[in-house]
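Data block for my_file-v2.txt (compact mmCIF, C-alpha atoms):
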```txt
# COMPACT_ATOMS: atom_id res chain seq x y z
CA MET A 21 -29.25 -12.57 -38.44
CA LYS A 22 -29.71 -9.57 -36.18
CA ASN A 23 -33.44 -9.88 -36.32
CA SER A 24 -33.58 -13.55 -35.38
CA LEU A 25 -35.16 -14.45 -32.10
CA TYR A 26 -32.03 -15.66 -30.37
CA TYR A 27 -29.42 -13.14 -31.42
CA PRO A 28 -30.66 -10.30 -29.18
CA ILE A 29 -30.89 -12.63 -26.20
CA LEU A 30 -27.43 -14.04 -26.73
CA PHE A 31 -26.03 -10.57 -27.38
CA MET A 32 -27.54 -9.21 -24.19
CA ILE A 33 -26.23 -12.14 -22.16
CA ALA A 34 -22.75 -11.74 -23.61
CA VAL A 35 -22.62 -7.99 -22.94
CA THR A 36 -23.95 -8.45 -19.42
CA VAL A 37 -21.42 -11.16 -18.62
CA VAL A 38 -18.54 -9.02 -19.84
CA PHE A 39 -19.57 -5.97 -17.85
CA ILE A 40 -20.40 -7.92 -14.71
CA ALA A 41 -16.99 -9.57 -14.90
CA ILE A 42 -15.28 -6.19 -15.12
CA LEU A 43 -17.31 -4.75 -12.26
CA ALA A 44 -16.87 -7.80 -10.08
CA SER A 45 -13.11 -7.77 -10.46
CA ILE A 46 -12.86 -4.04 -9.70
CA ASN A 47 -15.10 -4.51 -6.69
CA TYR A 48 -13.03 -7.47 -5.54
CA MET A 49 -9.80 -5.49 -5.79
CA LEU A 50 -11.10 -2.52 -3.84
CA THR A 51 -13.26 -4.17 -1.18
CA ASP A 52 -10.51 -4.07 1.42
CA THR A 53 -9.77 -0.39 0.85
CA ILE A 54 -13.45 0.50 1.14
CA ALA A 55 -13.88 -1.58 4.28
CA PHE A 56 -10.81 0.11 5.76
CA ASN A 57 -12.27 3.54 4.98
CA GLN A 58 -15.52 2.66 6.66
CA GLU A 59 -13.78 1.31 9.73
CA SER A 60 -11.65 4.40 9.75
CA GLU A 61 -14.74 6.55 9.93
CA LEU A 62 -16.03 4.64 12.96
CA ARG A 63 -12.61 4.81 14.61
CA GLN A 64 -12.49 8.55 14.06
CA LYS A 65 -15.93 8.93 15.61
CA ILE A 66 -15.08 6.88 18.69
CA LEU A 67 -11.89 8.90 19.17
CA TYR A 68 -13.95 12.06 18.83
CA ILE A 69 -16.27 10.99 21.66
CA PHE A 70 -13.30 10.69 24.01
CA ASP A 71 -11.86 13.91 22.60
CA VAL A 72 -8.54 12.23 21.85
CA LEU A 73 -8.41 12.67 18.06
CA PRO A 74 -4.89 12.79 16.61
CA GLU A 75 -3.98 16.09 15.06
CA ASN A 76 -4.02 15.02 11.44
CA ASP A 77 -6.83 12.92 10.12
CA ASP A 78 -4.72 10.51 8.11
CA PRO A 79 -6.47 7.10 8.26
CA GLN A 80 -3.28 5.28 9.30
CA GLU A 81 -2.67 7.78 12.08
CA ILE A 82 -6.23 7.30 13.29
CA LYS A 83 -5.85 3.53 13.24
CA ARG A 84 -2.68 3.79 15.31
CA ALA A 85 -4.28 6.08 17.88
CA PHE A 86 -7.34 3.86 18.00
CA ASP A 87 -5.36 0.64 18.48
CA GLU A 88 -3.31 2.28 21.16
CA LYS A 89 -6.05 3.89 23.21
CA ILE A 90 -9.32 2.10 22.58
CA LYS A 91 -10.48 -1.38 23.50
CA GLN A 92 -13.74 -3.09 22.79
CA LYS A 93 -15.45 -4.65 25.75
CA THR A 94 -18.75 -6.33 26.54
CA ILE A 95 -20.56 -5.23 29.66
CA ASN A 96 -23.58 -7.44 30.19
CA ASP A 97 -24.16 -8.11 26.48
CA ILE A 98 -23.70 -4.45 25.56
CA GLU A 99 -20.73 -3.79 23.31
CA VAL A 100 -18.93 -0.72 24.51
CA TYR A 101 -15.65 0.97 23.62
CA THR A 102 -13.33 1.82 26.47
CA LEU A 103 -10.63 4.43 26.56
CA ILE A 104 -7.45 3.10 28.10
CA GLU A 105 -5.23 5.57 29.92
CA ASN A 106 -2.23 4.42 31.96
CA ASN A 107 -3.40 0.82 31.55
CA GLN A 108 -6.70 1.62 33.21
CA GLU A 109 -10.16 2.07 31.85
CA ALA A 110 -10.71 5.81 31.84
CA ALA A 111 -13.97 6.24 29.95
CA TYR A 112 -16.67 4.34 28.10
CA ALA A 113 -18.61 4.85 24.86
CA VAL A 114 -22.04 3.26 25.10
CA PRO A 115 -24.21 2.63 22.02
CA ILE A 116 -27.59 4.33 22.01
CA ASN A 117 -30.26 4.35 19.37
CA GLY A 118 -33.81 5.34 18.81
CA PRO A 119 -36.25 6.72 16.29
CA GLY A 120 -35.54 10.16 14.88
CA LEU A 121 -37.89 12.20 12.75
CA TRP A 122 -37.23 10.37 9.46
CA GLY A 123 -35.33 7.26 10.42
CA SER A 124 -33.51 5.66 13.27
CA ILE A 125 -30.56 7.41 14.83
CA ASN A 126 -27.55 5.42 15.96
CA ALA A 127 -25.02 7.02 18.22
CA TYR A 128 -22.42 6.43 20.89
CA ILE A 129 -22.37 8.40 24.10
CA GLY A 130 -19.23 8.83 26.18
CA LEU A 131 -19.28 8.32 29.95
CA ASN A 132 -16.46 8.84 32.40
CA LYS A 133 -14.90 6.15 34.57
CA ASP A 134 -17.48 6.09 37.37
CA PHE A 135 -20.43 6.89 35.08
CA THR A 136 -21.14 10.24 36.68
CA LYS A 137 -20.47 12.43 33.67
CA ILE A 138 -21.35 12.50 29.99
CA ILE A 139 -18.16 13.37 28.16
CA GLY A 140 -19.20 13.39 24.51
CA ILE A 141 -21.53 12.14 21.82
CA GLU A 142 -21.18 11.14 18.19
CA PHE A 143 -23.84 10.08 15.70
CA ILE A 144 -22.98 7.07 13.59
CA THR A 145 -26.03 7.10 11.33
CA GLN A 146 -28.85 9.60 11.11
CA SER A 147 -31.16 10.72 8.33
CA GLU A 148 -32.60 13.92 9.77
CA THR A 149 -33.53 16.91 7.60
CA PRO A 150 -30.29 18.42 6.25
CA GLY A 151 -29.83 21.95 7.56
CA LEU A 152 -32.33 21.48 10.40
CA GLY A 153 -32.34 18.23 12.35
CA GLY A 154 -29.29 17.12 10.43
CA ARG A 155 -27.32 19.70 12.38
CA ILE A 156 -27.09 17.28 15.30
CA SER A 157 -23.98 16.04 13.48
CA GLU A 158 -22.35 19.46 13.69
CA ASP A 159 -19.72 20.15 16.30
CA ILE A 160 -21.62 23.09 17.75
CA TYR A 161 -24.39 20.75 18.86
CA LYS A 162 -22.25 17.77 19.80
CA ASN A 163 -19.82 19.82 21.85
CA GLN A 164 -22.61 20.69 24.27
CA PHE A 165 -22.38 17.12 25.50
CA ARG A 166 -18.87 17.53 26.84
CA ASN A 167 -18.70 17.32 30.60
CA ILE A 168 -22.31 17.11 31.72
CA ASP A 169 -22.68 16.07 35.34
CA ILE A 170 -25.41 13.41 35.59
CA GLU A 171 -24.84 12.29 39.15
CA GLY A 172 -27.69 14.31 40.65
CA ALA A 173 -30.11 13.76 37.78
CA ALA A 174 -33.65 13.15 38.94
CA ASP A 175 -35.95 10.45 37.53
CA GLY A 176 -33.41 9.36 34.95
CA ASN A 177 -33.60 12.66 33.09
CA TYR A 178 -29.89 12.99 32.48
CA ILE A 179 -30.24 15.36 29.59
CA ILE A 180 -32.77 18.15 29.72
CA SER A 181 -33.20 20.14 26.57
CA SER A 182 -33.95 23.87 26.50
CA PRO A 183 -36.41 25.60 27.00
CA GLN A 184 -37.36 23.38 29.93
CA PRO A 185 -36.14 24.55 33.34
CA GLY A 186 -32.78 23.21 34.43
CA SER A 187 -31.74 22.43 30.87
CA ASN A 188 -28.17 21.43 30.15
CA VAL A 189 -28.32 21.19 26.36
CA ASP A 190 -29.70 23.66 23.82
CA ALA A 191 -32.17 22.27 21.33
CA ILE A 192 -31.80 23.13 17.63
CA ALA A 193 -34.17 25.83 16.46
CA GLY A 194 -36.50 24.51 13.78
CA ALA A 195 -35.77 20.90 14.71
CA THR A 196 -37.79 20.37 17.86
CA GLN A 197 -38.69 16.78 17.04
CA THR A 198 -35.14 15.73 16.30
CA SER A 199 -33.85 17.48 19.39
CA SER A 200 -36.35 15.79 21.65
CA ALA A 201 -35.78 12.44 19.94
CA VAL A 202 -32.07 12.69 20.74
CA VAL A 203 -32.75 13.64 24.37
CA LYS A 204 -35.28 10.85 24.72
CA MET A 205 -33.03 8.18 23.31
CA ILE A 206 -30.11 9.24 25.50
CA ASN A 207 -32.20 9.19 28.68
CA GLU A 208 -33.93 5.92 27.90
CA ASP A 209 -30.87 4.04 26.75
CA LEU A 210 -28.70 5.29 29.59
CA ASN A 211 -31.33 4.18 32.06
CA THR A 212 -31.49 0.75 30.46
CA PHE A 213 -27.71 0.57 30.45
CA PHE A 214 -27.38 1.53 34.11
CA GLU A 215 -30.14 -0.81 35.19
CA SER A 216 -29.00 -3.83 33.23
CA THR A 217 -25.35 -3.50 34.11
CA GLY A 218 -25.83 -2.24 37.64
CA VAL A 219 -22.76 -0.04 37.30
CA ARG A 220 -24.43 2.75 39.20
CA MET B 28 -8.87 10.11 -40.02
CA ILE B 29 -10.62 12.59 -37.81
CA LYS B 30 -10.68 16.08 -39.15
CA LYS B 31 -9.58 18.86 -36.87
CA SER B 32 -12.52 21.01 -37.87
CA GLU B 33 -14.92 18.27 -36.87
CA VAL B 34 -13.37 17.96 -33.43
CA LYS B 35 -13.52 21.72 -33.03
CA LYS B 36 -17.17 21.70 -34.00
CA ILE B 37 -17.96 18.98 -31.46
CA PHE B 38 -16.33 20.90 -28.65
CA LYS B 39 -17.96 24.16 -29.64
CA LYS B 40 -21.34 22.45 -29.66
CA GLY B 41 -20.83 20.65 -26.35
CA ILE B 42 -19.52 23.67 -24.49
CA TYR B 43 -21.39 26.55 -26.03
CA THR B 44 -23.93 26.34 -28.82
CA GLU B 45 -25.55 23.12 -27.59
CA ASN B 46 -24.45 23.25 -23.98
CA PRO B 47 -26.37 20.50 -22.17
CA VAL B 48 -27.41 22.68 -19.24
CA PHE B 49 -27.99 26.13 -20.79
CA VAL B 50 -29.39 25.22 -24.12
CA GLN B 51 -30.76 21.72 -23.86
CA VAL B 52 -31.72 22.22 -20.18
CA ILE B 53 -30.94 18.64 -19.19
CA GLY B 54 -28.96 17.33 -16.23
CA ILE B 55 -30.35 20.12 -14.07
CA CYS B 56 -31.12 17.94 -11.05
CA SER B 57 -27.51 17.24 -10.18
CA ALA B 58 -26.44 20.71 -11.31
CA LEU B 59 -28.62 22.10 -8.56
CA ALA B 60 -27.71 19.54 -5.94
CA VAL B 61 -23.93 19.45 -5.87
CA THR B 62 -23.02 23.07 -6.55
CA ASN B 63 -22.67 24.30 -2.97
CA LEU B 64 -18.90 23.76 -3.04
CA MET B 65 -16.58 24.11 -6.04
CA MET B 66 -14.67 20.95 -5.20
CA ASN B 67 -17.90 18.91 -5.23
CA SER B 68 -18.85 20.38 -8.59
CA LEU B 69 -15.44 19.66 -10.08
CA ILE B 70 -15.42 16.02 -8.98
CA MET B 71 -19.02 15.60 -10.12
CA GLY B 72 -18.13 17.13 -13.49
CA ILE B 73 -15.12 14.90 -13.95
CA ALA B 74 -17.16 11.84 -12.96
CA LEU B 75 -19.88 12.73 -15.42
CA SER B 76 -17.41 13.44 -18.23
CA PHE B 77 -15.72 10.11 -17.59
CA VAL B 78 -18.98 8.21 -17.67
CA THR B 79 -20.31 10.03 -20.73
CA ALA B 80 -17.08 9.67 -22.69
CA PHE B 81 -16.56 5.99 -22.02
CA SER B 82 -20.23 5.09 -22.38
CA CYS B 83 -20.34 6.81 -25.77
CA LEU B 84 -17.12 5.08 -26.79
CA THR B 85 -18.50 1.67 -25.85
CA VAL B 86 -21.92 2.30 -27.36
CA SER B 87 -20.28 3.40 -30.57
CA LEU B 88 -17.96 0.36 -30.65
CA LEU B 89 -20.88 -2.00 -30.17
CA LYS B 90 -23.34 -0.18 -32.41
CA SER B 91 -22.97 -2.36 -35.47
CA TYR B 92 -23.52 -5.52 -33.44
CA THR B 93 -26.41 -4.21 -31.35
CA PRO B 94 -29.88 -5.13 -32.55
CA LYS B 95 -31.82 -1.86 -32.86
CA HIS B 96 -34.75 -2.85 -30.68
CA ILE B 97 -32.66 -3.67 -27.62
CA ARG B 98 -30.19 -0.78 -27.93
CA MET B 99 -31.65 1.14 -24.98
CA MET B 100 -31.15 -1.86 -22.70
CA VAL B 101 -27.56 -2.18 -23.82
CA GLN B 102 -26.94 1.54 -23.32
CA VAL B 103 -28.35 1.53 -19.81
CA LEU B 104 -26.24 -1.50 -18.95
CA ILE B 105 -23.09 0.20 -20.22
CA ILE B 106 -23.84 3.50 -18.50
CA SER B 107 -24.63 1.91 -15.16
CA SER B 108 -21.45 -0.15 -15.28
CA PHE B 109 -19.33 2.96 -15.67
CA VAL B 110 -21.26 4.76 -12.93
CA ILE B 111 -20.65 1.86 -10.55
CA ILE B 112 -16.94 1.99 -11.40
CA VAL B 113 -16.87 5.70 -10.51
CA ASP B 114 -18.81 5.05 -7.32
CA ILE B 115 -16.45 2.29 -6.18
CA TYR B 116 -13.42 4.39 -7.06
CA LEU B 117 -14.66 7.37 -5.03
CA LYS B 118 -15.52 5.16 -2.07
CA ALA B 119 -12.07 3.62 -2.10
CA TYR B 120 -9.85 6.60 -2.78
CA MET B 121 -11.89 9.69 -1.93
CA PRO B 122 -14.18 8.62 0.94
CA ASN B 123 -14.91 12.19 2.06
CA MET B 124 -15.89 13.26 -1.42
CA SER B 125 -18.03 10.16 -1.79
CA LYS B 126 -19.82 11.10 1.41
CA SER B 127 -20.47 14.70 0.46
CA LEU B 128 -21.71 13.80 -3.03
CA GLY B 129 -23.85 11.13 -1.42
CA PRO B 130 -26.51 9.59 -3.62
CA TYR B 131 -25.74 11.90 -6.55
CA VAL B 132 -22.88 9.72 -7.79
CA GLY B 133 -25.27 6.81 -8.24
CA LEU B 134 -27.78 9.14 -9.81
CA ILE B 135 -25.37 9.94 -12.66
CA ILE B 136 -27.05 6.92 -14.26
CA THR B 137 -30.23 8.90 -14.69
CA ASN B 138 -28.45 11.98 -15.99
CA CYS B 139 -30.09 12.71 -19.32
CA ILE B 140 -26.87 14.05 -20.80
CA ILE B 141 -25.35 10.58 -21.00
CA MET B 142 -28.37 8.86 -22.46
CA GLY B 143 -28.85 11.82 -24.81
CA ARG B 144 -25.31 11.67 -26.15
CA ALA B 145 -25.32 7.87 -26.42
CA GLU B 146 -28.62 7.85 -28.27
CA GLY B 147 -28.20 11.04 -30.24
CA PHE B 148 -24.55 10.94 -31.22
CA ALA B 149 -22.68 7.73 -30.40
CA GLN B 150 -25.32 5.56 -32.07
CA ALA B 151 -24.50 7.10 -35.44
CA ASN B 152 -20.86 8.17 -35.23
CA PRO B 153 -17.42 6.49 -35.08
CA PRO B 154 -15.96 5.58 -31.64
CA ILE B 155 -13.25 8.25 -31.30
CA LEU B 156 -15.59 11.05 -32.29
CA SER B 157 -18.21 9.75 -29.85
CA PHE B 158 -15.62 9.67 -27.11
CA LEU B 159 -14.66 13.30 -27.81
CA ASP B 160 -18.31 14.26 -27.97
CA GLY B 161 -18.82 12.74 -24.53
CA ILE B 162 -15.90 14.73 -23.17
CA ALA B 163 -17.19 17.92 -24.78
CA SER B 164 -20.65 17.52 -23.28
CA GLY B 165 -19.17 16.64 -19.90
CA LEU B 166 -16.96 19.71 -20.12
CA GLY B 167 -19.94 21.91 -20.92
CA TYR B 168 -21.74 20.52 -17.90
CA THR B 169 -18.69 20.91 -15.65
CA LEU B 170 -18.17 24.53 -16.66
CA VAL B 171 -21.76 25.45 -15.82
CA LEU B 172 -21.50 23.66 -12.48
CA LEU B 173 -18.30 25.50 -11.68
CA MET B 174 -19.88 28.82 -12.62
CA ILE B 175 -22.82 28.24 -10.29
CA SER B 176 -20.72 26.84 -7.48
CA SER B 177 -18.15 29.65 -7.64
CA ILE B 178 -20.90 32.19 -7.00
CA ARG B 179 -22.44 30.05 -4.26
CA GLU B 180 -19.17 29.26 -2.54
CA ILE B 181 -17.81 32.81 -2.61
CA LEU B 182 -21.01 34.36 -1.27
CA GLY B 183 -21.92 31.49 1.05
CA PHE B 184 -18.54 30.63 2.54
CA GLY B 185 -16.16 33.31 1.27
CA THR B 186 -13.88 30.65 -0.17
CA VAL B 187 -12.79 29.29 -3.55
CA PHE B 188 -11.95 25.57 -3.58
CA GLY B 189 -11.71 25.86 0.20
CA PHE B 190 -9.24 28.76 0.20
CA GLN B 191 -10.40 31.85 2.04
CA ILE B 192 -10.51 34.79 -0.38
CA LEU B 193 -12.97 37.14 1.28
CA PRO B 194 -12.06 38.50 4.74
CA GLU B 195 -13.11 36.28 7.65
CA THR B 196 -15.40 38.97 8.98
CA ILE B 197 -17.73 38.83 6.00
CA THR B 198 -21.36 38.09 6.72
CA LYS B 199 -22.06 34.75 5.09
CA TRP B 200 -25.11 34.62 2.89
CA THR B 201 -26.79 31.49 4.22
CA LEU B 202 -29.24 31.24 1.36
CA MET B 203 -26.33 30.62 -1.00
CA VAL B 204 -25.45 27.41 0.83
CA MET B 205 -29.01 26.15 0.58
CA PRO B 206 -30.49 24.51 -2.53
CA PRO B 207 -32.86 27.35 -3.61
CA SER B 208 -29.94 29.62 -4.48
CA ALA B 209 -28.90 27.20 -7.21
CA PHE B 210 -32.23 27.80 -8.93
CA PHE B 211 -31.79 31.57 -8.90
CA ILE B 212 -28.20 31.49 -10.09
CA LEU B 213 -28.78 28.89 -12.79
CA ALA B 214 -31.73 30.89 -14.08
CA CYS B 215 -29.71 34.11 -14.12
CA ILE B 216 -26.78 32.50 -15.93
CA MET B 217 -29.14 30.90 -18.44
CA TRP B 218 -30.86 34.22 -19.02
CA VAL B 219 -27.60 36.05 -19.70
CA THR B 220 -26.10 33.44 -22.00
CA ASN B 221 -29.28 32.77 -23.94
CA ASN B 222 -29.83 36.47 -24.39
CA ARG B 223 -26.36 36.79 -25.80
CA ARG B 224 -26.76 33.76 -28.02
CA LEU B 225 -30.05 34.97 -29.44
CA LYS B 226 -28.64 38.40 -30.11
CA LEU B 227 -25.71 36.91 -32.01
CA GLU B 228 -28.05 34.63 -33.92
CA ARG B 229 -30.22 37.55 -34.91
CA LYS B 230 -27.21 39.42 -36.20
CA GLY B 231 -26.25 36.33 -38.14
CA VAL B 232 -22.78 36.38 -36.66
CA GLU B 233 -22.90 32.83 -35.46
CA LYS B 234 -21.71 30.28 -37.98
CA ARG B 235 -22.51 26.66 -37.46
```
Just give me the structure as structure tokens.
Amino acid sequence: MKNSLYYPILFMIAVTVVFIAILASINYMLTDTIAFNQESELRQKILYIFDVLPENDDPQEIKRAFDEKIKQKTINDIEVYTLIENNQEAAYAVPINGPGLWGSINAYIGLNKDFTKIIGIEFITQSETPGLGGRISEDIYKNQFRNIDIEGAADGNYIISSPQPGSNVDAIAGATQTSSAVVKMINEDLNTFFESTGVR
Amino acid sequence: MIKKSEVKKIFKKGIYTENPVFVQVIGICSALAVTNLMMNSLIMGIALSFVTAFSCLTVSLLKSYTPKHIRMMVQVLIISSFVIIVDIYLKAYMPNMSKSLGPYVGLIITNCIIMGRAEGFAQANPPILSFLDGIASGLGYTLVLLMISSIREILGFGTVFGFQILPETITKWTLMVMPPSAFFILACIMWVTNNRRLKLERKGVEKR
């Protein structure tokens, strides 16, 4: 019987159905948890931009802090996150993206209330070389973007990377392309944002 | 009934005399990739043991119904199902671990240890023994991973499972954190153990 033409086909179908059923039910049960984890990661990153992370990184704690302090808002078709302090909008996180060395980089950049200062940056997705360009996700690089005055910036060059004169951010050694890609996407997208919204 | 001596033999083979990494030199890819931290190695080892054990169990249970010429297809289906279960579980309950292991969880599917055990042992042995064989092979793999990662983590970060054991002032050996160090350490460990094994074999001390 085993060598008949139909037995292997039927057997394969039966085994596949059984395993797919098991996988589908496990997936169904855990979808919510996984979605929550992913949202939690984004929440944590937005809180990081505004430098208002709660002390422990328990997902529930992060959700509470996020719900309390952050609101989503649309300025001229651009989805931004706003930090609410004393019932007033205190800072904004604006999405920026652009091509990196290997793939596109998506990030949010934090701006203060009157859009005169960059207060933080966080990368949502990036696929740069681990250990070189990938270090843009490390705190030592990201923390350079705290408190950069952009009011007097000339020609829309808000961020100038070392070793150019007047630099305000250090590039990563061995990752020149990634570093300039980040600078470029910040400058371009901030310009577009300011122009389209007319906030400045 | 399963004989105790048989179980003992299976474990001795999986962990030492036929250790998948040292002796059979399979499953190296992930052994090199996830050994920068001990915690990563431990989780990876547990995941692999789980997948190997349950895949072997299932393959062995189905072996008398499986037509010989499609057995590989069935095995791959079984293995990938268990890998997806592990992947979903890690994403749901250990999101940070899932992130740091990255694509290597999914790549357990291609780990030769599992296919090797399913094809080489489970196909011809009873379910419980196959299950134990899977655990033994997984354990052998885990132990090697832990050996490599302990050296890398201590020299690269000065920690063991995240606990600081060397003084904070120690100069960290950056190479140890990077992938090439895994090659050097794995080769050294293989050299030492194989040397020892061959010496014992020559003396005729080792009984199989």
Exercise for the section: Place a sphere of radius 9 Å on (-23.9, 10.6, -18.9) in the file coordinates and name every protein, DNA or RNA residue with an atom inside or on its surface, counting all atoms listed in the file; give the answer as a PyMOL selection string. Expected result: chain B and resi 54+75-80+82-83+106+110+135-145+161+164-165
Exercise for the section: Specify as a list of chain:residue names all residues of chain A found within 8 Å of chain B, counting only C-alpha atoms. Expected result: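 In the required form, that comes to A:Lys22, A:Asn23, A:Pro28, A:Phe31, A:Met32, A:Val35, A:Thr36, A:Phe39, A:Ile40, A:Leu43, A:Ile46, A:Asn47, A:Leu50, A:Thr51, A:Thr53, A:Ile54, A:Asn57.
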Practice task
Determine the nearest neighbour of B:Lys31 from the options B:Leu202, B:Leu159, B:Leu193, B:Pro154, counting only C-alpha atoms.
Solution key: B:Leu159
Exercise for the section: Between A:Tyr161, A:Tyr112, A:Phe56, A:Tyr27, single out the one closest to A:Lys137, counting only C-alpha atoms. Expected result: A:Tyr112
Fill in the blank from the handout: Using only C-alpha atoms, the best pick from B:Gln102, B:Ser32, B:Asn222, B:Thr201 as closest to B:Leu84 would be B:Gln102
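Minimum atom-to-atom distance to A:Ala201, evaluated using all atoms listed in the file, belongs to A:Ile125 out of A:Leu131, A:Ile139, A:Val189, A:Ile125.
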Handout entry: Å distance separating atom CA of A:Thr198 from atom CA of A:Tyr128, one decimal place
Key =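 Atom-to-atom, atom CA of A:Thr198 and atom CA of A:Tyr128 are spaced 16.4 Å apart.
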Could I get stretch 203-216 of chain A rebuilt with N, CA, C and O atoms, written as a compact mmCIF listing (two decimals), keeping the file's coordinate frame?
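And here's part09.txt as it stands now:
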```
# COMPACT_ATOMS: atom_id res chain seq x y z
N VAL A 203 -32.71 13.60 22.90
CA VAL A 203 -32.75 13.64 24.37
C VAL A 203 -33.42 12.38 24.90
O VAL A 203 -32.93 11.73 25.83
N LYS A 204 -34.53 12.00 24.26
CA LYS A 204 -35.28 10.85 24.72
C LYS A 204 -34.44 9.58 24.61
O LYS A 204 -34.38 8.77 25.53
N MET A 205 -33.76 9.43 23.47
CA MET A 205 -33.03 8.18 23.31
C MET A 205 -31.83 8.11 24.25
O MET A 205 -31.49 7.04 24.75
N ILE A 206 -31.23 9.25 24.55
CA ILE A 206 -30.11 9.24 25.50
C ILE A 206 -30.63 8.82 26.88
O ILE A 206 -30.09 7.90 27.51
N ASN A 207 -31.69 9.48 27.34
CA ASN A 207 -32.20 9.19 28.68
C ASN A 207 -32.66 7.75 28.81
O ASN A 207 -32.32 7.06 29.77
N GLU A 208 -33.42 7.28 27.81
CA GLU A 208 -33.93 5.92 27.90
C GLU A 208 -32.81 4.89 27.87
O GLU A 208 -32.76 3.98 28.70
N ASP A 209 -31.90 5.06 26.90
CA ASP A 209 -30.87 4.04 26.75
C ASP A 209 -29.87 4.06 27.89
O ASP A 209 -29.34 3.02 28.29
N LEU A 210 -29.60 5.24 28.44
CA LEU A 210 -28.70 5.29 29.59
C LEU A 210 -29.35 4.61 30.79
O LEU A 210 -28.68 3.86 31.52
N ASN A 211 -30.63 4.85 30.98
CA ASN A 211 -31.33 4.18 32.06
C ASN A 211 -31.24 2.67 31.93
O ASN A 211 -30.92 1.96 32.89
N THR A 212 -31.56 2.19 30.70
CA THR A 212 -31.49 0.75 30.46
C THR A 212 -30.08 0.24 30.75
O THR A 212 -29.89 -0.81 31.37
N PHE A 213 -29.10 0.99 30.27
CA PHE A 213 -27.71 0.57 30.45
C PHE A 213 -27.36 0.49 31.94
O PHE A 213 -26.79 -0.50 32.40
N PHE A 214 -27.72 1.52 32.69
CA PHE A 214 -27.38 1.53 34.11
C PHE A 214 -28.11 0.42 34.86
O PHE A 214 -27.55 -0.24 35.73
N GLU A 215 -29.38 0.23 34.50
CA GLU A 215 -30.14 -0.81 35.19
C GLU A 215 -29.61 -2.21 34.90
O GLU A 215 -29.40 -3.01 35.79
N SER A 216 -29.40 -2.47 33.60
CA SER A 216 -29.00 -3.83 33.23
C SER A 216 -27.59 -4.17 33.70
O SER A 216 -27.30 -5.30 33.99
```
